[in-house]
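Asks: For reference, this is my_file_32.cif, and it has mmCIF, C-alpha atoms.
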```cif
data_upload
#
loop_
_atom_site.label_atom_id
_atom_site.label_comp_id
_atom_site.auth_asym_id
_atom_site.auth_seq_id
_atom_site.Cartn_x
_atom_site.Cartn_y
_atom_site.Cartn_z
CA MET Y 290 86.06 156.14 148.17
CA ILE Y 291 87.99 154.51 150.96
CA ASP Y 292 89.50 151.22 149.91
CA LYS Y 293 91.97 149.55 152.28
CA ILE Y 294 92.28 146.46 150.08
CA PHE Y 295 95.81 146.05 148.74
CA PRO Y 296 96.45 143.99 145.59
CA SER Y 297 99.20 141.90 147.16
CA ALA Y 298 101.04 141.24 150.38
CA ALA Y 299 104.18 142.68 148.79
CA ALA Y 300 102.40 145.98 148.11
CA ALA Y 301 100.93 146.11 151.62
CA LEU Y 302 104.35 145.55 153.24
CA ALA Y 303 106.45 147.65 150.85
CA ASP Y 304 107.11 150.55 153.27
CA ILE Y 305 108.24 148.50 156.30
CA PRO Y 306 111.70 149.90 157.09
CA THR Y 307 114.76 148.36 158.69
CA GLY Y 308 114.55 148.59 162.48
CA ALA Y 309 110.74 148.45 162.60
CA THR Y 310 108.83 146.90 165.51
CA ILE Y 311 106.31 144.42 164.14
CA MET Y 312 103.60 142.50 165.99
CA VAL Y 313 102.83 139.12 164.47
CA GLY Y 314 99.54 137.45 165.39
CA GLY Y 315 99.09 133.78 166.09
CA PHE Y 316 99.35 131.19 168.81
CA GLY Y 317 101.67 128.58 167.37
CA THR Y 318 100.54 128.39 163.76
CA ALA Y 319 96.85 129.13 164.47
CA GLY Y 320 96.25 132.69 163.33
CA MET Y 321 99.78 133.17 162.02
CA PRO Y 322 99.63 135.33 158.85
CA LEU Y 323 101.88 133.12 156.73
CA GLY Y 324 101.38 135.02 153.46
CA LEU Y 325 102.34 138.32 155.06
CA ILE Y 326 105.42 136.83 156.73
CA GLU Y 327 106.54 135.32 153.44
CA ALA Y 328 106.19 138.75 151.83
CA LEU Y 329 108.19 140.27 154.69
CA ILE Y 330 110.98 137.79 153.99
CA GLU Y 331 110.94 138.80 150.33
CA GLN Y 332 111.12 142.41 151.44
CA GLU Y 333 114.47 143.82 152.61
CA ALA Y 334 113.79 145.18 156.10
CA LYS Y 335 116.33 143.99 158.70
CA GLU Y 336 117.09 144.52 162.40
CA LEU Y 337 113.43 143.96 163.18
CA THR Y 338 111.86 143.71 166.63
CA ILE Y 339 109.13 141.07 166.60
CA VAL Y 340 106.32 140.87 169.17
CA SER Y 341 104.58 137.49 169.06
CA ASN Y 342 103.48 134.80 171.49
CA ASN Y 343 105.90 132.19 170.15
CA ALA Y 344 109.20 132.39 168.32
CA GLY Y 345 108.36 130.30 165.28
CA ASN Y 346 107.47 126.69 164.60
CA GLY Y 347 109.23 124.35 162.21
CA ASP Y 348 110.89 126.04 159.24
CA THR Y 349 108.08 128.24 157.90
CA GLY Y 350 106.48 131.54 158.87
CA LEU Y 351 108.12 133.33 161.77
CA ALA Y 352 110.80 130.61 161.95
CA ALA Y 353 111.76 131.33 158.33
CA LEU Y 354 111.99 135.07 159.07
CA LEU Y 355 114.27 134.33 162.03
CA ASN Y 356 116.31 131.92 159.94
CA ALA Y 357 116.85 134.69 157.38
CA ARG Y 358 118.50 136.64 160.25
CA ARG Y 359 116.21 139.58 159.87
CA VAL Y 360 115.17 139.77 163.51
CA ARG Y 361 117.35 141.47 166.12
CA ARG Y 362 115.02 141.12 169.08
CA ILE Y 363 111.90 139.19 169.96
CA ILE Y 364 109.36 139.89 172.70
CA CYS Y 365 107.38 136.75 173.44
CA SER Y 366 106.04 134.44 176.14
CA PHE Y 367 106.80 130.94 174.93
CA PRO Y 368 109.76 130.61 172.56
CA ARG Y 369 110.74 127.06 173.56
CA GLN Y 370 108.68 124.40 171.84
CA ALA Y 371 109.25 120.95 170.39
CA ASP Y 372 109.64 122.48 166.92
CA SER Y 373 111.37 125.80 167.74
CA TRP Y 374 114.80 124.65 166.56
CA VAL Y 375 115.46 127.81 164.53
CA PHE Y 376 114.98 130.14 167.50
CA ASP Y 377 116.83 127.76 169.85
CA ARG Y 378 119.89 127.78 167.59
CA LEU Y 379 119.95 131.57 167.14
CA TYR Y 380 119.40 132.13 170.87
CA LYS Y 381 122.26 129.82 171.84
CA GLU Y 382 124.50 131.53 169.27
CA GLY Y 383 123.63 134.86 170.85
CA ALA Y 384 122.30 136.01 167.48
CA ILE Y 385 118.91 137.13 168.80
CA GLU Y 386 117.83 139.08 171.85
CA LEU Y 387 114.88 137.76 173.88
CA GLU Y 388 112.52 139.64 176.17
CA LEU Y 389 110.50 136.95 177.92
CA VAL Y 390 107.09 138.17 179.10
CA PRO Y 391 104.36 136.21 180.90
CA GLN Y 392 101.61 135.66 178.34
CA GLY Y 393 98.97 137.68 180.17
CA ASN Y 394 101.41 140.55 180.60
CA LEU Y 395 102.19 140.39 176.90
CA ALA Y 396 98.43 140.63 176.24
CA CYS Y 397 97.76 143.48 178.68
CA ARG Y 398 100.83 145.47 177.56
CA ILE Y 399 99.58 145.21 173.98
CA GLU Y 400 96.08 146.16 175.15
CA ALA Y 401 97.48 149.13 177.09
CA ALA Y 402 99.20 150.44 173.97
CA GLY Y 403 96.01 150.11 171.94
CA ALA Y 404 93.92 151.77 174.61
CA GLY Y 405 96.30 154.71 175.08
CA LEU Y 406 97.30 153.80 178.63
CA GLY Y 407 100.70 154.65 180.07
CA GLY Y 408 101.11 151.33 181.86
CA VAL Y 409 99.40 148.57 183.78
CA PHE Y 410 99.76 147.39 187.37
CA THR Y 411 99.50 143.62 187.04
CA PRO Y 412 99.74 140.97 189.77
CA THR Y 413 101.28 138.49 187.32
CA GLY Y 414 104.97 137.90 187.87
CA TYR Y 415 105.18 139.72 191.20
CA GLY Y 416 108.06 138.33 193.26
CA THR Y 417 109.54 136.42 190.31
CA GLN Y 418 112.64 136.85 188.14
CA LEU Y 419 110.50 138.27 185.35
CA ALA Y 420 109.59 141.26 187.53
CA GLN Y 421 113.12 141.89 188.76
CA ASP Y 422 113.97 145.59 189.12
CA LYS Y 423 110.47 146.62 188.07
CA GLU Y 424 108.43 149.16 189.98
CA THR Y 425 105.85 147.58 192.30
CA ARG Y 426 102.93 148.88 194.28
CA GLU Y 427 100.57 147.54 196.92
CA ILE Y 428 96.98 148.33 196.02
CA GLY Y 429 94.11 147.12 198.20
CA GLY Y 430 96.43 144.74 200.04
CA ARG Y 431 97.67 143.06 196.88
CA HIS Y 432 101.06 143.39 195.17
CA TYR Y 433 101.35 144.59 191.59
CA VAL Y 434 104.14 145.12 189.06
CA LEU Y 435 104.19 148.13 186.75
CA GLU Y 436 104.39 146.98 183.13
CA TYR Y 437 104.68 149.40 180.23
CA PRO Y 438 102.72 149.32 176.98
CA ILE Y 439 104.13 147.64 173.88
CA HIS Y 440 103.58 149.77 170.80
CA ALA Y 441 104.37 148.63 167.29
CA ASP Y 442 104.96 150.26 163.94
CA TYR Y 443 103.11 147.44 162.19
CA ALA Y 444 100.89 144.51 163.13
CA LEU Y 445 100.59 141.56 160.77
CA ILE Y 446 97.48 139.55 161.58
CA LYS Y 447 95.28 136.88 160.05
CA ALA Y 448 91.51 137.18 159.91
CA GLU Y 449 88.67 135.30 158.28
CA ARG Y 450 86.71 137.99 156.48
CA GLY Y 451 87.43 141.64 155.82
CA ASP Y 452 85.82 144.47 153.87
CA ARG Y 453 87.26 147.58 152.21
CA TRP Y 454 86.78 149.61 155.40
CA GLY Y 455 88.90 147.10 157.32
CA ASN Y 456 86.18 145.50 159.44
CA LEU Y 457 87.26 141.98 160.40
CA THR Y 458 85.95 138.68 161.69
CA TYR Y 459 88.11 135.75 162.74
CA ARG Y 460 87.90 131.97 162.68
CA LYS Y 461 87.82 129.86 165.87
CA ALA Y 462 90.95 130.03 168.05
CA ALA Y 463 92.90 131.72 165.24
CA ARG Y 464 91.51 134.98 166.69
CA ASN Y 465 93.94 134.95 169.67
CA PHE Y 466 96.20 138.05 169.47
CA GLY Y 467 94.69 139.53 166.27
CA PRO Y 468 92.15 141.95 167.77
CA ILE Y 469 94.48 143.35 170.45
CA MET Y 470 97.49 143.69 168.14
CA ALA Y 471 95.34 145.47 165.55
CA ARG Y 472 94.74 148.21 168.12
CA ALA Y 473 98.35 148.56 169.24
CA ALA Y 474 100.10 149.19 165.94
CA ARG Y 475 100.37 152.39 163.94
CA CYS Y 476 99.68 150.37 160.78
CA THR Y 477 97.79 147.08 160.92
CA ILE Y 478 97.87 144.80 157.91
CA ALA Y 479 95.32 141.97 157.90
CA GLN Y 480 95.56 138.90 155.73
CA VAL Y 481 91.98 137.67 155.25
CA ARG Y 482 90.66 134.44 153.80
CA GLU Y 483 87.91 136.32 152.02
CA VAL Y 484 87.39 139.94 151.05
CA VAL Y 485 83.66 140.71 151.18
CA PRO Y 486 81.60 143.75 150.08
CA LEU Y 487 80.70 146.43 152.63
CA GLY Y 488 77.65 145.31 154.58
CA ALA Y 489 78.30 141.61 154.06
CA ILE Y 490 79.60 141.33 157.63
CA ASP Y 491 76.72 141.66 160.10
CA PRO Y 492 77.63 144.81 162.11
CA GLU Y 493 76.69 142.94 165.30
CA ILE Y 494 79.50 140.43 164.76
CA VAL Y 495 82.35 142.68 163.62
CA VAL Y 496 85.21 141.72 165.95
CA THR Y 497 87.78 144.30 164.88
CA PRO Y 498 86.25 147.61 163.75
CA GLY Y 499 87.89 149.04 160.64
CA ILE Y 500 89.38 152.02 162.49
CA PHE Y 501 92.06 149.65 163.81
CA VAL Y 502 92.98 148.27 160.37
CA GLN Y 503 94.87 150.19 157.70
CA ARG Y 504 95.47 147.55 155.01
CA VAL Y 505 93.71 144.34 153.98
CA VAL Y 506 95.12 141.66 151.71
CA SER Y 507 93.15 138.66 150.54
CA GLU Y 508 94.80 135.38 151.38
CA GLY Y 509 94.58 134.42 147.71
CA GLY Y 510 96.58 137.56 146.88
CA ALA Y 511 99.02 136.92 149.69
CA THR Y 512 99.77 133.34 148.74
CA VAL Y 513 99.83 133.99 144.99
CA THR Y 514 102.39 136.72 145.57
CA ALA Y 515 104.45 134.56 147.86
CA ARG Y 516 104.36 131.68 145.39
CA ARG Y 517 105.38 133.87 142.51
CA GLN Y 518 108.29 135.28 144.44
CA ALA Y 519 109.40 131.92 145.85
CA MET X 259 102.90 100.33 198.82
CA LYS X 260 102.29 101.49 195.28
CA GLY X 261 101.58 105.08 194.21
CA LEU X 262 99.02 106.21 191.67
CA ASN X 263 100.00 106.25 188.01
CA ARG X 264 99.42 109.36 185.87
CA ASN X 265 95.92 108.31 184.79
CA GLN X 266 94.85 107.33 188.31
CA LEU X 267 96.11 110.67 189.56
CA ALA X 268 94.20 112.50 186.81
CA ALA X 269 91.05 110.59 187.81
CA ARG X 270 91.63 111.48 191.48
CA ILE X 271 91.79 115.20 190.60
CA ALA X 272 88.75 114.97 188.32
CA ARG X 273 86.71 113.66 191.26
CA ASP X 274 87.23 116.98 193.07
CA ILE X 275 86.05 119.22 190.22
CA PRO X 276 82.40 120.14 190.79
CA GLU X 277 79.51 120.76 188.42
CA GLY X 278 79.62 124.24 186.91
CA ALA X 279 83.31 124.88 187.58
CA TYR X 280 85.32 126.99 185.14
CA VAL X 281 88.63 125.16 184.84
CA ASN X 282 91.96 125.62 183.08
CA LEU X 283 94.09 122.49 182.68
CA GLY X 284 97.77 123.27 182.16
CA ILE X 285 99.79 121.73 179.35
CA GLY X 286 101.28 118.28 179.90
CA ALA X 287 99.92 115.82 182.47
CA PRO X 288 97.04 118.07 183.71
CA THR X 289 95.45 117.73 180.25
CA LEU X 290 94.72 114.08 181.21
CA VAL X 291 92.25 115.29 183.86
CA ALA X 292 89.78 116.08 181.05
CA ASN X 293 89.52 112.37 180.24
CA TYR X 294 88.12 111.63 183.70
CA LEU X 295 85.59 114.43 184.24
CA PRO X 296 82.28 112.68 184.95
CA PRO X 297 80.04 113.11 181.86
CA GLU X 298 77.01 113.87 184.05
CA ARG X 299 78.69 117.06 185.32
CA GLU X 300 78.75 120.21 183.17
CA ILE X 301 82.27 121.58 183.59
CA PHE X 302 83.64 124.46 181.49
CA LEU X 303 87.20 123.98 180.25
CA GLN X 304 88.98 127.20 179.35
CA SER X 305 92.01 127.30 177.07
CA GLU X 306 94.33 130.33 177.25
CA ASN X 307 94.36 130.68 173.46
CA GLY X 308 90.74 131.77 173.47
CA ILE X 309 88.35 128.85 174.02
CA LEU X 310 85.64 128.32 176.62
CA GLY X 311 83.75 125.04 176.46
CA MET X 312 86.67 123.09 175.04
CA GLY X 313 85.86 119.51 174.07
CA PRO X 314 87.99 116.38 173.56
CA ALA X 315 90.35 115.66 170.67
CA PRO X 316 88.57 115.20 167.32
CA PRO X 317 88.52 111.87 165.48
CA GLN X 318 91.48 111.38 163.19
CA GLY X 319 91.05 113.26 159.93
CA GLU X 320 88.79 115.92 161.49
CA GLU X 321 91.53 118.08 163.03
CA ASP X 322 91.20 121.83 162.44
CA PRO X 323 94.44 123.87 162.59
CA ASP X 324 92.43 126.83 163.94
CA LEU X 325 91.05 124.78 166.83
CA ILE X 326 93.90 123.82 169.15
CA ASN X 327 94.54 123.86 172.90
CA ALA X 328 97.31 125.60 174.86
CA GLY X 329 99.62 122.67 174.09
CA LYS X 330 98.82 123.22 170.39
CA GLN X 331 97.08 119.84 170.05
CA PRO X 332 93.81 119.63 168.08
CA VAL X 333 90.64 119.86 170.17
CA THR X 334 86.90 120.40 169.60
CA LEU X 335 84.33 122.93 170.81
CA LEU X 336 81.31 121.77 172.83
CA THR X 337 77.87 123.00 171.85
CA GLY X 338 77.53 126.33 173.66
CA GLY X 339 81.27 126.97 173.67
CA CYS X 340 82.79 130.18 172.34
CA PHE X 341 85.95 131.93 171.16
CA PHE X 342 87.53 135.21 172.28
CA HIS X 343 90.78 137.14 171.98
CA HIS X 344 93.80 137.07 174.27
CA GLY X 345 92.76 140.16 176.22
CA ASP X 346 89.52 138.49 177.26
CA SER X 347 91.21 135.16 177.83
CA PHE X 348 93.74 136.56 180.27
CA ALA X 349 91.04 138.68 181.93
CA MET X 350 89.40 135.35 182.74
CA MET X 351 92.67 133.91 184.01
CA ARG X 352 94.11 136.90 185.85
CA GLY X 353 90.84 138.41 186.95
CA GLY X 354 89.77 135.64 189.30
CA HIS X 355 87.07 134.22 187.05
CA LEU X 356 88.42 130.67 186.86
CA ASP X 357 87.40 128.44 189.75
CA ILE X 358 90.26 125.97 189.39
CA CYS X 359 93.46 125.59 187.47
CA VAL X 360 95.56 122.45 187.46
CA MET X 361 99.27 122.78 186.72
CA GLY X 362 102.38 120.66 186.86
CA ALA X 363 105.34 121.71 189.02
CA PHE X 364 109.07 121.25 189.53
CA GLN X 365 108.74 122.27 193.18
CA VAL X 366 106.11 123.48 195.64
CA SER X 367 107.02 124.91 199.04
CA GLY X 368 105.26 124.24 202.31
CA GLU X 369 103.78 127.72 202.07
CA GLY X 370 102.38 127.16 198.59
CA ASP X 371 105.09 128.82 196.52
CA LEU X 372 105.11 127.37 193.01
CA ALA X 373 108.09 126.79 190.70
CA ASN X 374 107.12 125.33 187.34
CA TRP X 375 108.50 127.48 184.51
CA SER X 376 112.27 127.27 184.71
CA THR X 377 114.93 125.07 186.25
CA GLY X 378 117.28 128.05 186.19
CA ALA X 379 119.70 126.24 183.86
CA LEU X 380 121.69 129.00 182.16
CA ASP X 381 121.98 127.36 178.73
CA ALA X 382 118.27 126.50 178.47
CA VAL X 383 115.87 128.49 176.30
CA PRO X 384 113.37 129.98 178.76
CA ALA X 385 109.59 129.95 178.25
CA VAL X 386 106.80 130.96 180.61
CA GLY X 387 103.51 131.16 178.70
CA GLY X 388 100.43 131.62 180.87
CA ALA X 389 101.74 129.87 183.99
CA MET X 390 102.32 133.04 186.04
CA ASP X 391 98.86 134.39 185.20
CA LEU X 392 97.16 131.15 186.23
CA ALA X 393 99.20 130.89 189.42
CA ILE X 394 98.03 134.23 190.76
CA GLY X 395 94.68 134.44 189.01
CA ALA X 396 92.66 131.27 189.51
CA LYS X 397 90.51 131.02 192.65
CA ARG X 398 92.06 127.64 193.48
CA VAL X 399 95.40 126.39 192.18
CA PHE X 400 95.87 122.63 192.12
CA VAL X 401 99.28 121.14 191.45
CA MET X 402 99.57 117.70 189.84
CA MET X 403 103.02 116.13 190.12
CA ASP X 404 105.12 113.19 191.26
CA HIS X 405 105.90 113.31 194.97
CA VAL X 406 109.65 113.01 194.37
CA THR X 407 111.97 113.56 191.40
CA LYS X 408 113.30 110.69 189.29
CA ALA X 409 116.40 110.85 191.50
CA GLY X 410 114.22 110.48 194.60
CA GLU X 411 114.53 114.09 195.82
CA PRO X 412 111.45 115.69 197.40
CA LYS X 413 109.55 118.06 195.10
CA ILE X 414 107.70 119.45 198.10
CA VAL X 415 110.32 121.58 199.79
CA ALA X 416 110.80 124.05 202.63
CA GLN X 417 111.82 126.68 200.11
CA CYS X 418 111.86 126.48 196.31
CA THR X 419 115.35 126.49 194.81
CA TYR X 420 114.02 126.89 191.26
CA PRO X 421 112.77 130.29 190.05
CA LEU X 422 109.24 131.04 191.30
CA THR X 423 106.14 131.14 189.13
CA GLY X 424 104.11 132.64 191.96
CA SER X 425 104.43 132.96 195.71
CA ARG X 426 101.90 131.45 198.14
CA CYS X 427 99.51 130.64 195.34
CA VAL X 428 99.03 126.84 195.54
CA ASN X 429 95.94 125.58 197.38
CA ARG X 430 96.23 121.83 196.92
CA ILE X 431 98.94 119.39 195.84
CA TYR X 432 98.02 116.07 194.24
CA THR X 433 100.85 113.58 193.98
CA ASP X 434 101.16 109.87 193.30
CA LEU X 435 101.38 109.38 197.08
CA ALA X 436 99.07 111.92 198.71
CA VAL X 437 96.74 114.90 198.51
CA LEU X 438 97.96 117.84 200.60
CA ASP X 439 96.16 121.08 201.42
CA VAL X 440 98.23 124.20 201.86
CA THR X 441 96.89 125.77 205.05
CA ARG X 442 97.96 128.66 207.25
CA ASP X 443 99.41 126.11 209.67
CA GLY X 444 101.25 124.13 207.01
CA LEU X 445 100.63 121.17 204.71
CA ARG X 446 97.72 119.08 205.89
CA ILE X 447 97.20 115.56 204.56
CA ALA X 448 93.78 115.22 202.92
CA ASP X 449 94.44 111.81 201.43
CA ILE X 450 97.25 109.25 201.41
CA VAL X 451 97.62 106.10 199.29
CA PRO X 452 96.70 102.89 201.10
CA GLY X 453 99.66 101.18 202.74
CA LEU X 454 101.76 104.33 203.16
CA SER X 455 102.37 105.56 206.71
CA PHE X 456 102.54 109.19 207.83
CA GLU X 457 106.21 108.69 208.70
CA GLU X 458 107.03 107.27 205.28
CA LEU X 459 105.27 110.17 203.55
CA GLN X 460 107.03 112.71 205.78
CA ARG X 461 110.40 111.13 204.97
CA CYS X 462 110.02 111.90 201.25
CA THR X 463 108.54 115.37 201.82
CA GLY X 464 110.79 118.39 202.34
CA ALA X 465 108.32 120.39 204.45
CA PRO X 466 106.58 119.41 207.68
CA LEU X 467 103.24 117.62 207.30
CA LEU X 468 100.17 117.86 209.51
CA ARG X 469 97.92 114.88 210.00
#
```
For the file at hand, write its structure as structure tokens.

Replies:
Amino acid sequence: MIDKIFPSAAAALADIPTGATIMVGGFGTAGMPLGLIEALIEQEAKELTIVSNNAGNGDTGLAALLNARRVRRIICSFPRQADSWVFDRLYKEGAIELELVPQGNLACRIEAAGAGLGGVFTPTGYGTQLAQDKETREIGGRHYVLEYPIHADYALIKAERGDRWGNLTYRKAARNFGPIMARAARCTIAQVREVVPLGAIDPEIVVTPGIFVQRVVSEGGATVTARRQA
Amino acid sequence: MKGLNRNQLAARIARDIPEGAYVNLGIGAPTLVANYLPPEREIFLQSENGILGMGPAPPQGEEDPDLINAGKQPVTLLTGGCFFHHGDSFAMMRGGHLDICVMGAFQVSGEGDLANWSTGALDAVPAVGGAMDLAIGAKRVFVMMDHVTKAGEPKIVAQCTYPLTGSRCVNRIYTDLAVLDVTRDGLRIADIVPGLSFEELQRCTGAPLLR
């Protein structure tokens, strides 16, 4: 019997090694898998590369991981926010490396990785600093920049419901990067609000098919674990 | 002569958004445009974080952390609205499916180059978000900004000195003083606030204007 449900976030994240590249879902705090990030902080992996739209908000979640100095490099589109003081401080200290990517290029590079493509010619960023020294091509009279896929060892995402085969649904705008990151990582770990029996999710509304998900942790399990370890 | 305030400018832009338009309003001042869209028109607001049919802010106490706009403020979903992932969202934005986007700007050139993501300051933390995708992807790019900086320098310039967001991508500039169309021949005045002469407007504009 295939059962991708893990008993705790700690168990699901146990094999993440130092130096791993990890995608973290979420747009701001919507869709950010807080329980999984807390378990990652409890875990020992260092020198991580994080791929996420933002670089942490306030003092929790991704910001807490950064603050624990576990991240060497971050690939994101919008690190500077009113409450991104942790990243701002580390960046100004030179303690973290930033690759700034236009948001749509971040999305299509992640999609390219998940879809097995070797790159994408995108019009976004052409003629700007963010495309400096990149290969360009004129196609049909329009200018494009060659952007390469972003692969990850792990993706940590948040979903609404999941079953033991890894099928997922999401809630409102917390969906954001979840479905595309799930496809781009070698091992995708989903924190779900509710684990449901097989068949409980209408097959017509499955957003992420289970083939893209390797491990599922119920949010209850994730937060209980985090609380116990805190 | 008195220029438009932020809300008057937002209302002026809203007037030009037609029934049925798919529209992305950038973070900051452009968000105000939503407050002035005529209720009798059905206009679809898209938010880069995966919302089509975005509605106004919820009443206090009814905020949902999973339902926010690009500026991460709480919003609502209109009946008939829907959610989607970032791949679909940026397909809408980059793929030419949005009729109009409205963005703020540091500078716009006479040829429609847009600079709105970075001042180039070396010690600043950079951030770009979806600005570059909107700049090249929407069918029409509207800029909403003050005509001059706080120091009185023109924000409409012959050539942008700040890093570009997109080149030759702006279609229309709405400022507190005028509405300007970017045309092949240059910037053409579509509207000017009452009491302001062509010469006065030209004096605070860094690129040549056409009447």

Asks: Using all atoms listed in the file, select each residue of chain Y with any atom at most 10 Å away from an atom of chain X, and give the selection as an NGL selection string.

Replies: :Y and (315-321 or 342-343 or 365-370 or 376-378 or 380-381 or 387 or 389-400 or 411-419 or 459-470 or 496)

Asks: Could you tell me how far CA of Thr458 (chain Y) sits from CA of Ala444 (chain Y), in Å to one decimal place?

Replies: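 Answer for the CA of Ala444 (chain Y) to CA of Thr458 (chain Y) separation: 16.1 Å.
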
Asks: I want to know what sits within 6 Å of region 355-364 of chain X, based on only C-alpha atoms, with residues of the same chain fewer than 2 positions away left out; could you give that as a ChimeraX atom specification?

Replies: /X:279-284,288,350,353,373-374,396-403

Asks: When you draw a straight line from CA of Met312 (chain X) to CA of Leu336 (chain X), how long is it in Å?

Replies: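 Here the two named atoms are 5.9 Å from each other.
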
Asks: Would you translate the PyMOL selection byres ((chain Y and resi 291-299) around 9) into the concrete set of residues it matches in this file, as an MDAnalysis selection string?

Replies: chainID Y and resid 290 300:303 324:329 331:332 451:455 478 480 484 502:515

Asks: Between CA of Ile301 (chain X) and CA of Ile275 (chain X), what is the distance, to one decimal in Å?

Replies: 8.0 Å

Asks: When the PyMOL selection byres ((chain Y and resi 313) around 7) is applied to the structure above, which residues does it catch, written out as a VMD selection string?

Replies: chain Y and resid 311 to 312 314 to 315 339 to 341 444 to 446

Asks: With the file shown as input, list the residues that the PyMOL selection byres ((chain X and resi 441) around 9) selects, as a count of residues only.

Replies: 11

Asks: Show which residues sit within 9 Å of Asp372 (chain Y), as a PyMOL selection string. Count only C-alpha atoms, and ignore same-chain residues fewer than 4 positions away.

Replies: chain Y and resi 345-348

Asks: Adding 3 Å on each side of the box along x, y and z that holds all listed atoms of region 336-349 of chain Y, could you give its centre and edge lengths in Å to one decimal, as AutoDock Vina command-line options?

Replies:
```
--center_x 110.3 --center_y 134.4 --center_z 164.7 --size_x 19.6 --size_y 26.2 --size_z 19.6
```

Asks: If we count all atoms listed in the file, what is near Val415 (chain X) at a cut-off of 8 Å, once residues fewer than 5 positions away on the same chain are taken out, given as a ChimeraX atom specification?

Replies: /X:365-368,463-465

Asks: Which residue gives the smallest distance to Leu435 (chain X) among X:Gln266, X:Thr334, X:Pro316, X:Tyr420, with all atoms listed in the file counted?

Replies: X:Gln266

Asks: For each of Y:Gly403, Y:Pro486, Y:Gly499, Y:Gly383, take the minimum atom-to-atom distance to Ala441 (chain Y), counting only C-alpha atoms, then give the residue where this is smallest.

Replies: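 Nearest candidate to Ala441 (chain Y) out of Y:Gly403, Y:Pro486, Y:Gly499, Y:Gly383: Y:Gly403.
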
Asks: For each of X:Arg430, X:Lys413, X:Arg469, X:Arg299, take the minimum atom-to-atom distance to Ile271 (chain X), counting only C-alpha atoms, then give the residue where this is smallest.

Replies: X:Arg430

Asks: Have a look at Y:Ala474, Y:Leu323, Y:Leu351, Y:Ala384 and name the one nearest to Gly405 (chain Y); count all atoms listed in the file.

Replies: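 Between Y:Ala474, Y:Leu323, Y:Leu351, Y:Ala384, the residue approaching Gly405 (chain Y) most closely is Y:Ala474.
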
Asks: Using all atoms listed in the file and a cutoff of 12 Å, can you tell me which residues are near (87.5, 115.0, 196.4) in the file's coordinates, and write them out as a ChimeraX atom specification?

Replies: /X:267-276,430,432,437-439,448-449

Asks: Please save C-alpha atoms of the selected residues as a PDB file, in the frame of the given file.

Replies:
```pdb
ATOM      1  CA  LEU X 267      96.110 110.670 189.560  1.00  0.00           C
ATOM      2  CA  ALA X 268      94.200 112.500 186.810  1.00  0.00           C
ATOM      3  CA  ALA X 269      91.050 110.590 187.810  1.00  0.00           C
ATOM      4  CA  ARG X 270      91.630 111.480 191.480  1.00  0.00           C
ATOM      5  CA  ILE X 271      91.790 115.200 190.600  1.00  0.00           C
ATOM      6  CA  ALA X 272      88.750 114.970 188.320  1.00  0.00           C
ATOM      7  CA  ARG X 273      86.710 113.660 191.260  1.00  0.00           C
ATOM      8  CA  ASP X 274      87.230 116.980 193.070  1.00  0.00           C
ATOM      9  CA  ILE X 275      86.050 119.220 190.220  1.00  0.00           C
ATOM     10  CA  PRO X 276      82.400 120.140 190.790  1.00  0.00           C
ATOM     11  CA  ARG X 430      96.230 121.830 196.920  1.00  0.00           C
ATOM     12  CA  TYR X 432      98.020 116.070 194.240  1.00  0.00           C
ATOM     13  CA  VAL X 437      96.740 114.900 198.510  1.00  0.00           C
ATOM     14  CA  LEU X 438      97.960 117.840 200.600  1.00  0.00           C
ATOM     15  CA  ASP X 439      96.160 121.080 201.420  1.00  0.00           C
ATOM     16  CA  ALA X 448      93.780 115.220 202.920  1.00  0.00           C
ATOM     17  CA  ASP X 449      94.440 111.810 201.430  1.00  0.00           C
TER      18      ASP X 449
END
```
